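Q: My structure is in upload_24.tsv, and what it holds is TSV, C-alpha atoms:
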```tsv
chain	number	residue	atom	x	y	z
A	1	MET	CA	-26.76	-14.48	31.92
A	2	THR	CA	-23.06	-14.11	32.64
A	3	VAL	CA	-20.22	-13.48	30.20
A	4	ALA	CA	-18.74	-16.94	30.76
A	5	ALA	CA	-22.12	-18.65	30.26
A	6	MET	CA	-22.65	-16.69	27.05
A	7	ALA	CA	-19.24	-17.68	25.72
A	8	GLU	CA	-19.96	-21.33	26.49
A	9	ALA	CA	-23.40	-21.25	24.88
A	10	LEU	CA	-22.23	-19.47	21.73
A	11	GLY	CA	-18.94	-21.34	21.39
A	12	LEU	CA	-16.91	-18.12	21.43
A	13	GLN	CA	-13.15	-18.09	21.45
A	14	ALA	CA	-11.66	-15.90	24.19
A	15	VAL	CA	-8.63	-13.95	22.97
A	16	THR	CA	-8.10	-12.13	26.29
A	17	ALA	CA	-8.54	-13.04	29.92
A	18	VAL	CA	-12.26	-13.32	30.71
A	19	ALA	CA	-13.69	-11.09	33.43
A	20	ASP	CA	-16.99	-12.74	34.31
A	21	GLN	CA	-19.94	-10.54	35.11
A	22	GLU	CA	-23.67	-10.28	34.50
A	23	ILE	CA	-24.75	-9.13	31.02
A	24	VAL	CA	-27.44	-6.45	30.93
A	25	GLY	CA	-27.94	-6.17	27.17
A	26	ALA	CA	-26.13	-5.94	23.86
A	27	ILE	CA	-25.28	-3.56	21.06
A	28	ALA	CA	-24.36	-4.49	17.47
A	29	THR	CA	-22.59	-1.74	15.54
A	30	ASP	CA	-19.30	-1.01	13.81
A	31	LEU	CA	-19.13	2.70	14.60
A	32	ILE	CA	-17.27	3.50	17.78
A	33	SER	CA	-19.07	6.83	17.95
A	34	ASP	CA	-22.31	4.83	18.12
A	35	VAL	CA	-21.03	2.88	21.12
A	36	LEU	CA	-19.97	6.11	22.78
A	37	ALA	CA	-23.53	7.34	22.34
A	38	HIS	CA	-25.47	4.18	23.12
A	39	GLY	CA	-23.20	1.70	24.89
A	40	GLU	CA	-24.09	1.17	28.54
A	41	PRO	CA	-22.27	-0.53	31.40
A	42	GLY	CA	-22.69	-4.30	31.34
A	43	MET	CA	-23.52	-4.53	27.64
A	44	VAL	CA	-21.93	-6.93	25.19
A	45	TRP	CA	-20.76	-5.30	21.94
A	46	LEU	CA	-20.79	-7.20	18.65
A	47	THR	CA	-18.65	-5.70	15.89
A	48	ILE	CA	-16.29	-6.31	12.99
A	49	GLN	CA	-14.34	-3.18	13.95
A	50	THR	CA	-10.88	-4.16	15.22
A	51	HIS	CA	-9.13	-0.83	15.70
A	52	ARG	CA	-7.51	-0.48	19.12
A	53	ASN	CA	-10.07	2.22	20.00
A	54	VAL	CA	-12.49	-0.72	20.43
A	55	ALA	CA	-10.76	-1.63	23.69
A	56	ALA	CA	-10.63	1.98	24.80
A	57	VAL	CA	-14.34	2.59	24.29
A	58	ALA	CA	-15.27	-0.78	25.82
A	59	SER	CA	-13.36	0.34	28.89
A	60	THR	CA	-14.82	3.85	29.09
A	61	GLN	CA	-18.38	2.55	28.60
A	62	GLU	CA	-17.72	-0.30	31.05
A	63	LEU	CA	-18.99	-2.92	28.63
A	64	ALA	CA	-19.13	-6.52	29.84
A	65	ALA	CA	-17.36	-7.90	26.73
A	66	VAL	CA	-16.67	-7.39	23.06
A	67	ILE	CA	-17.42	-10.04	20.45
A	68	VAL	CA	-15.48	-9.63	17.22
A	69	THR	CA	-17.66	-11.39	14.68
A	70	GLY	CA	-17.07	-13.10	11.35
A	71	ASP	CA	-13.86	-14.73	12.57
A	72	ARG	CA	-11.96	-11.50	11.98
A	73	PRO	CA	-8.34	-11.38	13.08
A	74	VAL	CA	-7.72	-9.27	16.18
A	75	SER	CA	-4.62	-7.10	15.96
A	76	ARG	CA	-1.82	-7.17	18.50
A	77	GLU	CA	-2.45	-3.48	19.19
A	78	LEU	CA	-6.06	-4.15	20.13
A	79	LEU	CA	-5.15	-7.16	22.27
A	80	ALA	CA	-2.44	-5.22	24.09
A	81	LEU	CA	-4.78	-2.37	24.95
A	82	ALA	CA	-7.55	-4.80	25.91
A	83	GLU	CA	-5.26	-6.61	28.34
A	84	GLN	CA	-4.11	-3.30	29.79
A	85	GLN	CA	-7.67	-2.05	30.22
A	86	ALA	CA	-8.97	-5.45	31.41
A	87	VAL	CA	-11.43	-5.64	28.53
A	88	THR	CA	-12.76	-9.08	27.63
A	89	ILE	CA	-12.70	-9.89	23.91
A	90	PHE	CA	-14.11	-12.93	22.16
A	91	VAL	CA	-14.05	-13.97	18.52
A	92	SER	CA	-17.13	-15.51	16.94
A	93	GLU	CA	-16.92	-17.58	13.77
A	94	ASP	CA	-20.47	-16.54	12.98
A	95	ASP	CA	-21.18	-13.08	11.55
A	96	THR	CA	-22.83	-10.23	13.46
A	97	TYR	CA	-26.33	-11.16	12.35
A	98	GLY	CA	-26.03	-14.80	13.32
A	99	THR	CA	-24.26	-14.14	16.59
A	100	SER	CA	-26.80	-11.47	17.53
A	101	GLY	CA	-29.68	-13.80	16.76
A	102	ARG	CA	-28.30	-16.56	18.93
A	103	LEU	CA	-27.52	-14.12	21.73
A	104	TYR	CA	-31.09	-12.82	21.57
A	105	GLU	CA	-32.42	-16.36	21.76
A	106	LEU	CA	-30.37	-16.84	24.91
A	107	GLY	CA	-32.47	-14.10	26.48
A	108	VAL	CA	-30.08	-11.16	26.14
A	109	HIS	CA	-32.34	-8.34	24.96
B	1	MET	CA	-15.13	16.44	-13.28
B	2	SER	CA	-12.23	15.93	-15.67
B	3	PRO	CA	-8.79	17.23	-14.62
B	4	GLY	CA	-8.86	19.74	-17.46
B	5	ALA	CA	-12.23	21.16	-16.44
B	6	VAL	CA	-11.22	21.26	-12.76
B	7	ALA	CA	-7.96	23.09	-13.53
B	8	ALA	CA	-9.78	25.64	-15.72
B	9	ALA	CA	-12.40	26.27	-13.03
B	10	LEU	CA	-9.71	26.76	-10.39
B	11	ALA	CA	-7.88	29.26	-12.57
B	12	ARG	CA	-11.10	31.20	-13.24
B	13	ARG	CA	-11.90	31.30	-9.53
B	14	GLY	CA	-8.45	32.53	-8.51
B	15	VAL	CA	-7.23	29.39	-6.74
B	16	THR	CA	-3.46	29.16	-7.19
B	17	VAL	CA	-2.64	25.79	-5.61
B	18	ALA	CA	-4.82	22.69	-5.57
B	19	ALA	CA	-4.64	18.93	-5.22
B	20	LEU	CA	-6.68	16.49	-7.25
B	21	SER	CA	-7.59	13.69	-4.86
B	22	ASP	CA	-9.58	10.77	-6.17
B	23	HIS	CA	-10.77	8.03	-3.84
B	24	ASN	CA	-8.16	5.29	-3.51
B	25	SER	CA	-6.68	6.02	-6.94
B	26	GLY	CA	-3.92	7.98	-8.58
B	27	GLY	CA	-5.28	7.11	-12.00
B	28	ASN	CA	-6.03	10.70	-13.05
B	29	LEU	CA	-2.96	12.36	-11.55
B	30	ALA	CA	-0.80	12.32	-14.68
B	31	ALA	CA	-3.57	14.13	-16.53
B	32	TRP	CA	-3.89	16.50	-13.59
B	33	ALA	CA	-0.19	17.43	-13.80
B	34	GLU	CA	-0.58	18.44	-17.41
B	35	ALA	CA	-3.96	20.12	-17.09
B	36	ALA	CA	-2.93	22.18	-14.04
B	37	ALA	CA	0.25	23.34	-15.75
B	38	THR	CA	-1.77	24.40	-18.78
B	39	ALA	CA	-4.20	26.36	-16.62
B	40	GLY	CA	-1.46	27.99	-14.55
B	41	VAL	CA	-2.44	26.26	-11.31
B	42	LYS	CA	0.27	24.76	-9.12
B	43	PRO	CA	-0.60	21.07	-8.88
B	44	LEU	CA	-0.28	18.99	-5.78
B	45	TYR	CA	-1.05	15.30	-6.03
B	46	GLY	CA	-3.58	13.76	-3.72
B	47	LEU	CA	-5.37	10.57	-2.87
B	48	GLU	CA	-8.29	10.31	-0.50
B	49	VAL	CA	-7.70	6.94	1.09
B	50	ARG	CA	-10.51	5.02	2.73
B	51	THR	CA	-8.92	2.93	5.47
B	52	ALA	CA	-9.98	-0.49	6.71
B	53	GLU	CA	-12.12	1.28	9.33
B	54	GLU	CA	-13.74	3.31	6.51
B	55	ALA	CA	-12.17	6.48	7.85
B	56	ASP	CA	-11.16	8.80	5.00
B	57	VAL	CA	-7.67	10.27	5.01
B	58	LEU	CA	-6.42	12.89	2.58
B	59	THR	CA	-2.81	12.44	1.47
B	60	VAL	CA	-1.08	15.17	-0.54
B	61	PHE	CA	2.25	14.81	-2.32
B	62	ASP	CA	4.63	17.26	-4.00
B	63	GLU	CA	5.72	14.84	-6.66
B	64	LEU	CA	3.62	12.97	-9.17
B	65	GLY	CA	5.89	9.93	-8.98
B	66	ALA	CA	5.60	9.60	-5.21
B	67	ALA	CA	1.82	9.96	-5.42
B	68	LEU	CA	1.60	7.31	-8.13
B	69	ASP	CA	3.77	4.90	-6.11
B	70	PHE	CA	1.58	5.45	-3.07
B	71	GLY	CA	-1.47	5.03	-5.29
B	72	GLN	CA	-0.18	1.63	-6.30
B	73	TRP	CA	0.33	0.68	-2.65
B	74	VAL	CA	-3.27	1.69	-1.98
B	75	TYR	CA	-4.58	-0.14	-5.04
B	76	ASP	CA	-2.73	-3.31	-4.06
B	77	ALA	CA	-4.73	-3.28	-0.80
B	78	LEU	CA	-8.07	-2.49	-2.43
B	79	PRO	CA	-10.59	-5.35	-2.17
B	80	ASP	CA	-11.20	-6.97	-5.54
B	81	VAL	CA	-14.85	-5.93	-5.68
B	82	PRO	CA	-16.15	-4.91	-9.10
B	83	CYS	CA	-17.77	-1.50	-9.56
B	84	ASP	CA	-21.47	-1.89	-10.32
B	85	GLU	CA	-21.82	1.02	-12.74
B	86	ARG	CA	-25.61	1.03	-12.41
B	87	VAL	CA	-25.20	2.03	-8.77
B	88	PHE	CA	-21.87	3.83	-8.56
B	89	GLY	CA	-21.51	5.22	-12.07
B	90	VAL	CA	-18.40	4.87	-14.19
B	91	GLN	CA	-14.91	5.27	-12.78
B	92	VAL	CA	-13.29	6.91	-15.75
B	93	GLN	CA	-9.62	7.64	-16.39
B	94	VAL	CA	-8.88	10.45	-18.81
B	95	ASP	CA	-5.96	12.39	-20.21
B	96	ALA	CA	-5.51	16.16	-20.00
B	97	GLN	CA	-7.46	16.61	-23.23
B	98	GLU	CA	-10.42	14.68	-21.77
B	99	ASN	CA	-9.88	11.65	-23.94
B	100	VAL	CA	-11.09	8.55	-22.13
B	101	LEU	CA	-8.20	6.22	-21.44
B	102	GLY	CA	-10.21	3.53	-19.71
B	103	PHE	CA	-12.51	2.56	-16.90
B	104	GLU	CA	-11.40	1.36	-13.50
B	105	PRO	CA	-13.16	-1.96	-12.95
B	106	ARG	CA	-12.51	-2.24	-9.22
B	107	LEU	CA	-14.81	-0.34	-6.85
B	108	LEU	CA	-12.77	2.59	-5.54
B	109	ILE	CA	-14.91	3.54	-2.55
B	110	SER	CA	-14.18	0.32	-0.67
B	111	GLY	CA	-12.06	0.52	2.46
B	112	ILE	CA	-8.58	-0.81	1.74
B	113	ASP	CA	-6.98	-3.59	3.78
B	114	HIS	CA	-4.74	-1.26	5.79
B	115	GLU	CA	-5.67	0.31	9.12
B	116	LEU	CA	-5.66	4.05	9.74
B	117	GLU	CA	-2.32	4.11	11.53
B	118	VAL	CA	-0.61	2.18	8.73
B	119	VAL	CA	-2.06	4.43	6.04
B	120	CYS	CA	-1.02	7.64	7.81
B	121	GLN	CA	2.46	6.39	8.67
B	122	THR	CA	3.11	5.02	5.19
B	123	ALA	CA	1.90	8.20	3.47
B	124	ARG	CA	4.01	10.38	5.72
B	125	GLU	CA	7.12	8.22	5.23
B	126	ARG	CA	6.62	8.66	1.50
B	127	GLY	CA	6.53	12.43	1.84
B	128	ALA	CA	2.83	13.24	2.06
B	129	LEU	CA	0.94	15.81	4.03
B	130	VAL	CA	-1.65	13.71	5.89
B	131	ILE	CA	-5.05	15.11	6.84
B	132	GLY	CA	-8.05	13.48	8.47
B	133	ALA	CA	-10.81	14.17	5.95
B	134	HIS	CA	-14.18	15.76	6.81
B	135	VAL	CA	-13.92	14.71	10.44
B	136	ASP	CA	-17.24	16.32	11.39
B	137	ARG	CA	-19.16	13.97	9.09
B	138	THR	CA	-21.19	11.23	10.72
B	139	VAL	CA	-19.92	8.67	8.21
B	140	ASP	CA	-16.55	7.88	6.64
B	141	SER	CA	-14.51	9.97	9.05
B	142	ILE	CA	-12.00	9.20	11.79
B	143	LEU	CA	-14.35	10.57	14.44
B	144	SER	CA	-17.43	8.72	13.18
B	145	GLN	CA	-15.64	5.39	12.83
B	146	LEU	CA	-13.24	5.54	15.76
B	147	GLY	CA	-14.92	7.95	18.18
B	148	TRP	CA	-11.90	10.16	18.66
B	149	LEU	CA	-8.52	10.88	17.11
B	150	PRO	CA	-6.18	8.06	18.17
B	151	GLU	CA	-3.20	9.31	20.13
B	152	GLY	CA	0.07	9.60	18.24
B	153	LEU	CA	-1.50	9.40	14.79
B	154	ALA	CA	0.82	10.65	12.02
B	155	ILE	CA	-1.41	13.42	10.75
B	156	ASP	CA	-0.80	17.10	10.09
B	157	ALA	CA	-4.33	18.45	10.34
B	158	VAL	CA	-8.00	17.58	10.25
B	159	GLU	CA	-10.35	18.89	7.61
B	160	VAL	CA	-13.92	19.94	8.33
B	161	THR	CA	-16.87	20.48	6.07
B	162	ARG	CA	-18.59	23.78	5.43
B	163	PHE	CA	-21.23	22.85	8.01
B	164	ALA	CA	-18.81	22.49	10.90
B	165	ASP	CA	-18.12	25.10	13.54
B	166	GLU	CA	-14.56	24.26	14.57
B	167	GLU	CA	-14.87	25.71	18.07
B	168	ALA	CA	-17.94	23.59	18.80
B	169	LEU	CA	-16.34	20.53	17.23
B	170	CYS	CA	-13.15	20.89	19.26
B	171	ALA	CA	-15.20	21.42	22.43
B	172	GLU	CA	-17.09	18.20	21.70
B	173	HIS	CA	-13.92	16.26	20.82
B	174	PRO	CA	-11.05	16.94	23.23
B	175	SER	CA	-8.81	14.65	21.13
B	176	LEU	CA	-8.68	17.45	18.54
B	177	ALA	CA	-6.90	19.79	20.95
B	178	GLY	CA	-3.80	21.21	19.31
B	179	VAL	CA	-4.58	19.67	15.92
B	180	PRO	CA	-4.75	22.25	13.11
B	181	VAL	CA	-8.10	22.52	11.33
B	182	VAL	CA	-8.31	23.13	7.58
B	183	ARG	CA	-11.17	23.67	5.18
B	184	PHE	CA	-11.12	22.44	1.61
B	185	SER	CA	-13.96	22.30	-0.85
B	186	ASP	CA	-13.81	18.47	-1.10
B	187	ALA	CA	-15.60	19.11	-4.38
B	188	HIS	CA	-17.35	16.19	-6.03
B	189	LEU	CA	-19.20	18.54	-8.39
B	190	MET	CA	-17.83	21.40	-10.48
B	191	ALA	CA	-20.09	23.90	-8.72
B	192	ASP	CA	-18.49	23.05	-5.36
B	193	ILE	CA	-14.92	23.96	-6.33
B	194	GLY	CA	-13.85	26.74	-3.99
B	195	TYR	CA	-16.89	26.68	-1.73
B	196	GLN	CA	-14.51	26.94	1.17
B	197	GLN	CA	-10.72	26.98	1.33
B	198	THR	CA	-7.62	27.39	3.43
B	199	GLU	CA	-5.21	30.23	2.90
B	200	PHE	CA	-1.54	29.38	3.41
B	201	TRP	CA	1.18	31.95	4.00
B	202	VAL	CA	4.26	30.12	2.75
B	203	ALA	CA	7.47	30.67	0.78
B	204	GLU	CA	6.39	28.10	-1.81
B	205	PRO	CA	3.53	25.62	-2.10
B	206	THR	CA	5.31	22.46	-1.01
B	207	VAL	CA	4.38	19.83	1.55
B	208	THR	CA	7.24	20.96	3.80
B	209	GLU	CA	6.08	24.56	3.71
B	210	LEU	CA	2.43	23.65	4.16
B	211	ARG	CA	3.36	21.59	7.21
B	212	LEU	CA	5.29	24.53	8.67
B	213	ALA	CA	2.29	26.75	8.05
B	214	LEU	CA	-0.06	24.33	9.79
B	215	ARG	CA	2.27	24.33	12.79
B	216	GLY	CA	2.58	28.11	12.63
B	217	GLU	CA	6.36	27.84	12.51
B	218	GLY	CA	9.03	29.90	10.74
B	219	GLY	CA	6.72	32.82	10.11
B	220	ARG	CA	4.36	30.63	8.09
B	221	SER	CA	0.67	30.41	8.83
B	222	ALA	CA	-2.55	28.81	7.65
B	223	ARG	CA	-6.06	30.17	7.94
B	224	PRO	CA	-9.21	28.21	7.20
B	225	VAL	CA	-11.84	30.31	5.43
B	226	ARG	CA	-15.46	29.24	5.87
B	227	ARG	CA	-16.95	31.00	2.90
B	228	ALA	CA	-17.30	30.44	-0.80
B	229	LEU	CA	-15.19	32.28	-3.32
B	230	ALA	CA	-16.91	35.35	-4.75
B	231	GLY	CA	-19.60	34.45	-7.26
B	232	LEU	CA	-20.17	30.90	-6.06
B	233	ARG	CA	-23.52	29.80	-4.75
B	234	GLU	CA	-23.72	29.09	-1.04
B	235	PRO	CA	-24.08	25.36	-0.38
B	236	GLU	CA	-27.20	24.07	1.29
B	237	GLU	CA	-27.15	22.02	4.44
B	238	THR	CA	-27.39	18.34	3.59
```
Mind converting the file's structure to structure tokens?
A:
Amino acid sequence: MTVAAMAEALGLQAVTAVADQEIVGAIATDLISDVLAHGEPGMVWLTIQTHRNVAAVASTQELAAVIVTGDRPVSRELLALAEQQAVTIFVSEDDTYGTSGRLYELGVH
Amino acid sequence: MSPGAVAAALARRGVTVAALSDHNSGGNLAAWAEAAATAGVKPLYGLEVRTAEEADVLTVFDELGAALDFGQWVYDALPDVPCDERVFGVQVQVDAQENVLGFEPRLLISGIDHELEVVCQTARERGALVIGAHVDRTVDSILSQLGWLPEGLAIDAVEVTRFADEEALCAEHPSLAGVPVVRFSDAHLMADIGYQQTEFWVAEPTVTELRLALRGEGGRSARPVRRALAGLREPEET
């Protein structure tokens, strides 16, 4: 499944430009140190964390996209760094549990 | 851990300067001012703020009034979640004579609605020494929550726990390069007061002087000491 297809299927709102690519898996966590340890290239990351380090770690780990869950507001600082680092960020109205469940059902394991 | 008992323990153990730093509250600082003066300990006024990212930051003020004002700013951003005393215990406010003044109904360990950068900048603008608390911990610290120390953060030092080796930690986290490391007891129990400390070589124990010492400027210096004061039990790894 691709990033764009996932966004369409889950009804996600893109808050940055979308760089479409194949998704290889997902990680749901709010600790950036956890993503540094376990995030792999091509993964989608679901989180309520909105510090600007989210964009930095998504870039260093070469994640396919970040989904900020629970309809949380995304700060200007995070958006600015995401645009600079070409990181794709979506916002999901659903919380992490619900969004993860639907993503799993779509075949992203 | 009442302010009076803390001040008396500090005096007995030979600590001359200390900050009382409750989580997200300045509610016991007025009592601390009086109790420390009685015990002959120079009081500094602290708050350990849990940011929106749940990264703990220690803020230390010279003046009670400035600390209380900052405490109000923190409290105004504290989620209105009640403290379940069956789980978290009571959040008691006392005076210097250990009379109970009241109980804080709002849960003080919640993360407040301000991000790390805002907390550090605001505390510093209001005159505080700002320190990333227990950064080697795998929870509730800047490094655990944010992976590394964000560039340009308005902090004066990072604090590590007794279990941290600062050379290994700095090797693992390049973002700590050039950031002074301090050790405080971070005591939540009376027995832990003084289980490690930082020695400051300063003209007087003020935030300005402590900052100079952390930077190693003007002949001032600071030295973290990874051992317990004489007579204290050695803490166990947790």
Q: Fewer than 5 positions away in the same chain doesn't count, so skip those; otherwise give me all residues within 10 Å of range 78-86 of chain B, counting all atoms listed in the file, as a ChimeraX atom specification.
A: /B:24-25,50-52,72-73,91,103-114
Q: Kindly export the residues of the current selection with C-alpha atoms, as an mmCIF file, in the frame of the given file.
A:
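Resulting contents of selection18.cif:
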```cif
data_model
loop_
_atom_site.group_PDB
_atom_site.id
_atom_site.type_symbol
_atom_site.label_atom_id
_atom_site.label_comp_id
_atom_site.auth_asym_id
_atom_site.auth_seq_id
_atom_site.Cartn_x
_atom_site.Cartn_y
_atom_site.Cartn_z
ATOM 1 C CA ASN B 24 -8.160 5.290 -3.510
ATOM 2 C CA SER B 25 -6.680 6.020 -6.940
ATOM 3 C CA ARG B 50 -10.510 5.020 2.730
ATOM 4 C CA THR B 51 -8.920 2.930 5.470
ATOM 5 C CA ALA B 52 -9.980 -0.490 6.710
ATOM 6 C CA GLN B 72 -0.180 1.630 -6.300
ATOM 7 C CA TRP B 73 0.330 0.680 -2.650
ATOM 8 C CA GLN B 91 -14.910 5.270 -12.780
ATOM 9 C CA PHE B 103 -12.510 2.560 -16.900
ATOM 10 C CA GLU B 104 -11.400 1.360 -13.500
ATOM 11 C CA PRO B 105 -13.160 -1.960 -12.950
ATOM 12 C CA ARG B 106 -12.510 -2.240 -9.220
ATOM 13 C CA LEU B 107 -14.810 -0.340 -6.850
ATOM 14 C CA LEU B 108 -12.770 2.590 -5.540
ATOM 15 C CA ILE B 109 -14.910 3.540 -2.550
ATOM 16 C CA SER B 110 -14.180 0.320 -0.670
ATOM 17 C CA GLY B 111 -12.060 0.520 2.460
ATOM 18 C CA ILE B 112 -8.580 -0.810 1.740
ATOM 19 C CA ASP B 113 -6.980 -3.590 3.780
ATOM 20 C CA HIS B 114 -4.740 -1.260 5.790
#
```
Q: Using all atoms listed in the file, find the residues of chain A whose closest atom to chain B is at most 8 Å away, then write them as an mmCIF file with C-alpha atoms, in the frame of the given file.
A:
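The result, stored in part-v1.cif:
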```
data_model
loop_
_atom_site.group_PDB
_atom_site.id
_atom_site.type_symbol
_atom_site.label_atom_id
_atom_site.label_comp_id
_atom_site.auth_asym_id
_atom_site.auth_seq_id
_atom_site.Cartn_x
_atom_site.Cartn_y
_atom_site.Cartn_z
ATOM 1 C CA ASP A 30 -19.300 -1.010 13.810
ATOM 2 C CA LEU A 31 -19.130 2.700 14.600
ATOM 3 C CA ILE A 32 -17.270 3.500 17.780
ATOM 4 C CA SER A 33 -19.070 6.830 17.950
ATOM 5 C CA ASP A 34 -22.310 4.830 18.120
ATOM 6 C CA LEU A 36 -19.970 6.110 22.780
ATOM 7 C CA GLN A 49 -14.340 -3.180 13.950
ATOM 8 C CA HIS A 51 -9.130 -0.830 15.700
ATOM 9 C CA ASN A 53 -10.070 2.220 20.000
ATOM 10 C CA VAL A 54 -12.490 -0.720 20.430
#
```
Q: Could you give me, as JSON lines, a per-residue list for range 55-174 of chain B showing, wherever an atom lies at most 9 Å from an atom of range 35-42 of chain B, the closest pair of atoms and their distance in Å to one decimal, using all atoms listed in the file and sorting by chain then residue number from low to high?
A:
```
{"residue": "B:Asp95", "atom": "CA", "partner": "B:Ala35", "partner_atom": "CA", "distance": 8.6}
{"residue": "B:Ala96", "atom": "CA", "partner": "B:Ala35", "partner_atom": "CA", "distance": 5.2}
{"residue": "B:Gln97", "atom": "CA", "partner": "B:Ala35", "partner_atom": "CA", "distance": 7.9}
```
Q: Figure out the distance between CA of Leu63 in chain A and CA of Ala19 in chain A, please, to one decimal in Å.
A: 10.9 Å
Q: Point out the residue among B:Thr161, B:Ser185, B:Ser2, B:Ser21 with the least atom-to-atom distance to Glu98 in chain B, counting only C-alpha atoms.
A: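 Once distances to Glu98 in chain B are computed over only C-alpha atoms, the minimum belongs to B:Ser2.
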Q: Dig up all the protein and nucleic acid residues within 8 Å of (-20.9, -8.5, 28.7) in the file frame, using all atoms listed in the file, and format them as number ranges by chain.
A: A: 2-3, 21-26, 42-45, 63-66
